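This report concerns only the one structure given below.
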Amino acid sequence: MNDVKIIETARLLLHPLSVDEARRVVDAAPGPGDRWAEGYPGPGDVRGVGSFLNGVAERGDPGAYRPYEIRRLADGVTVGGIGFHGPPGADGVVTIGYGLVPGVRGQGFASEALRGLIARAREAGATAVRGDADLDNIPSQRVMEAAGMVYEGEDERVRNYRVVLAP
């Protein structure tokens, strides 16, 4: 975990999950010191963190390309999750996902966290970041646009977004 670090934005800390912390998220069992907002972890957090644990077991630690808890800087409470679906592919492209507890949506936290994660991907050597949102999930589409991602097209289910990272 040498290249793993906390990402700080204006109002948030993106805390990289260790394997032990990830297990607590999957089990929905906070440990001493965990300060989780009501609704965390959500089903998306559990799926994403479970995939991280499977990837660690199969391929080892992914370094910076892991899940992060979204914590408010003001009080340290975890209000959601954000992270990479794994390390970049051979083309250097990495895929992201994110989610917030309902009580904090609409405050700009998701786009702020996503901008922080995109900056971390650039720093870690990714060439691009991609994401998608269900066709009817307009708020998630706006999050990606606010974070600088560009619409690339859609299929019958999702709209796709990408940002190319300059070295």
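Residue numbers start at 1 in each chain; chains themselves are named A, B, ... in the order of the structure tokens; ligands are numbered from 1 in the order shown.
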ask   = Which neighbours of Gly50 (chain A) fall inside 10 Å, counting only C-alpha atoms, when residues of the same chain fewer than 3 positions from it are skipped, and could you give them as a PyMOL selection string?
value = chain A and resi 22-23+25-27+44-47+53-56+67
query = Any idea what's packed within 12 Å of region 135-140 of chain A, counting only C-alpha atoms, ignoring anything in its chain fewer than 3 positions away? Could you give it as number ranges by chain?
reply = A: 97-100, 105-111, 114, 131-132, 143-147, 149, 153-161
key: Which of A:Pro30, A:Gly125, A:Asp20, A:His15 sits closest to Gly81 (chain A) [using only C-alpha atoms]   =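 That would be A:His15, the residue with the smallest distance to Gly81 (chain A).
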key: Residue nearest Val104 (chain A) among A:Gly31, A:Pro43, A:Gly80, A:Pro62 (counting only C-alpha atoms)   =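 Answer, going by the shortest atom-to-atom distance: A:Gly80.
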remark   = Correct to one decimal, the distance CA of Gly92 (chain A)-CA of Arg130 (chain A) is 10.9 Å
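Closest approach to Ala126 (chain A) among A:Glu152, A:Asp91, A:Asp75, A:Glu112: A:Asp91, based on only C-alpha atoms.
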request  = DSSP on the backbone, then: every residue of region 87-161 of chain A marked strand (DSSP E), written as an MDAnalysis selection string.
outcome  = chainID A and resid 93:100 128:134 150:154 158:161
With C-alpha atoms retained, write the just-selected residues as a short mmCIF file (atom, residue, chain, number, x, y, z; two decimals), in the first residue's frame.
data_model
loop_
_atom_site.label_atom_id
_atom_site.label_comp_id
_atom_site.auth_asym_id
_atom_site.auth_seq_id
_atom_site.Cartn_x
_atom_site.Cartn_y
_atom_site.Cartn_z
CA VAL A 93 -8.12 3.50 -18.61
CA VAL A 94 -9.68 3.06 -15.18
CA THR A 95 -13.39 2.84 -14.31
CA ILE A 96 -14.97 4.57 -11.31
CA GLY A 97 -18.10 4.28 -9.22
CA TYR A 98 -19.55 6.31 -6.34
CA GLY A 99 -22.54 6.77 -4.10
CA LEU A 100 -23.72 8.91 -1.21
CA ALA A 128 -8.32 8.20 -18.71
CA VAL A 129 -11.21 7.71 -16.29
CA ARG A 130 -14.57 6.39 -17.39
CA GLY A 131 -17.92 5.95 -15.70
CA ASP A 132 -21.55 5.38 -16.52
CA ALA A 133 -24.96 6.16 -15.13
CA ASP A 134 -28.38 4.65 -15.76
CA VAL A 150 -17.58 14.20 -21.13
CA TYR A 151 -20.56 12.28 -22.51
CA GLU A 152 -19.38 9.55 -24.92
CA GLY A 153 -22.58 7.80 -25.90
CA GLU A 154 -25.16 5.42 -24.53
CA VAL A 158 -26.56 3.59 -19.49
CA ARG A 159 -24.92 6.86 -20.54
CA ASN A 160 -21.12 6.67 -20.73
CA TYR A 161 -18.68 9.38 -19.67
#
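In terms of minimum interatomic distance to Ala37 (chain A), A:Arg71 ranks closest within A:Arg162, A:Arg66, A:Arg71, A:Arg115, counting only C-alpha atoms.
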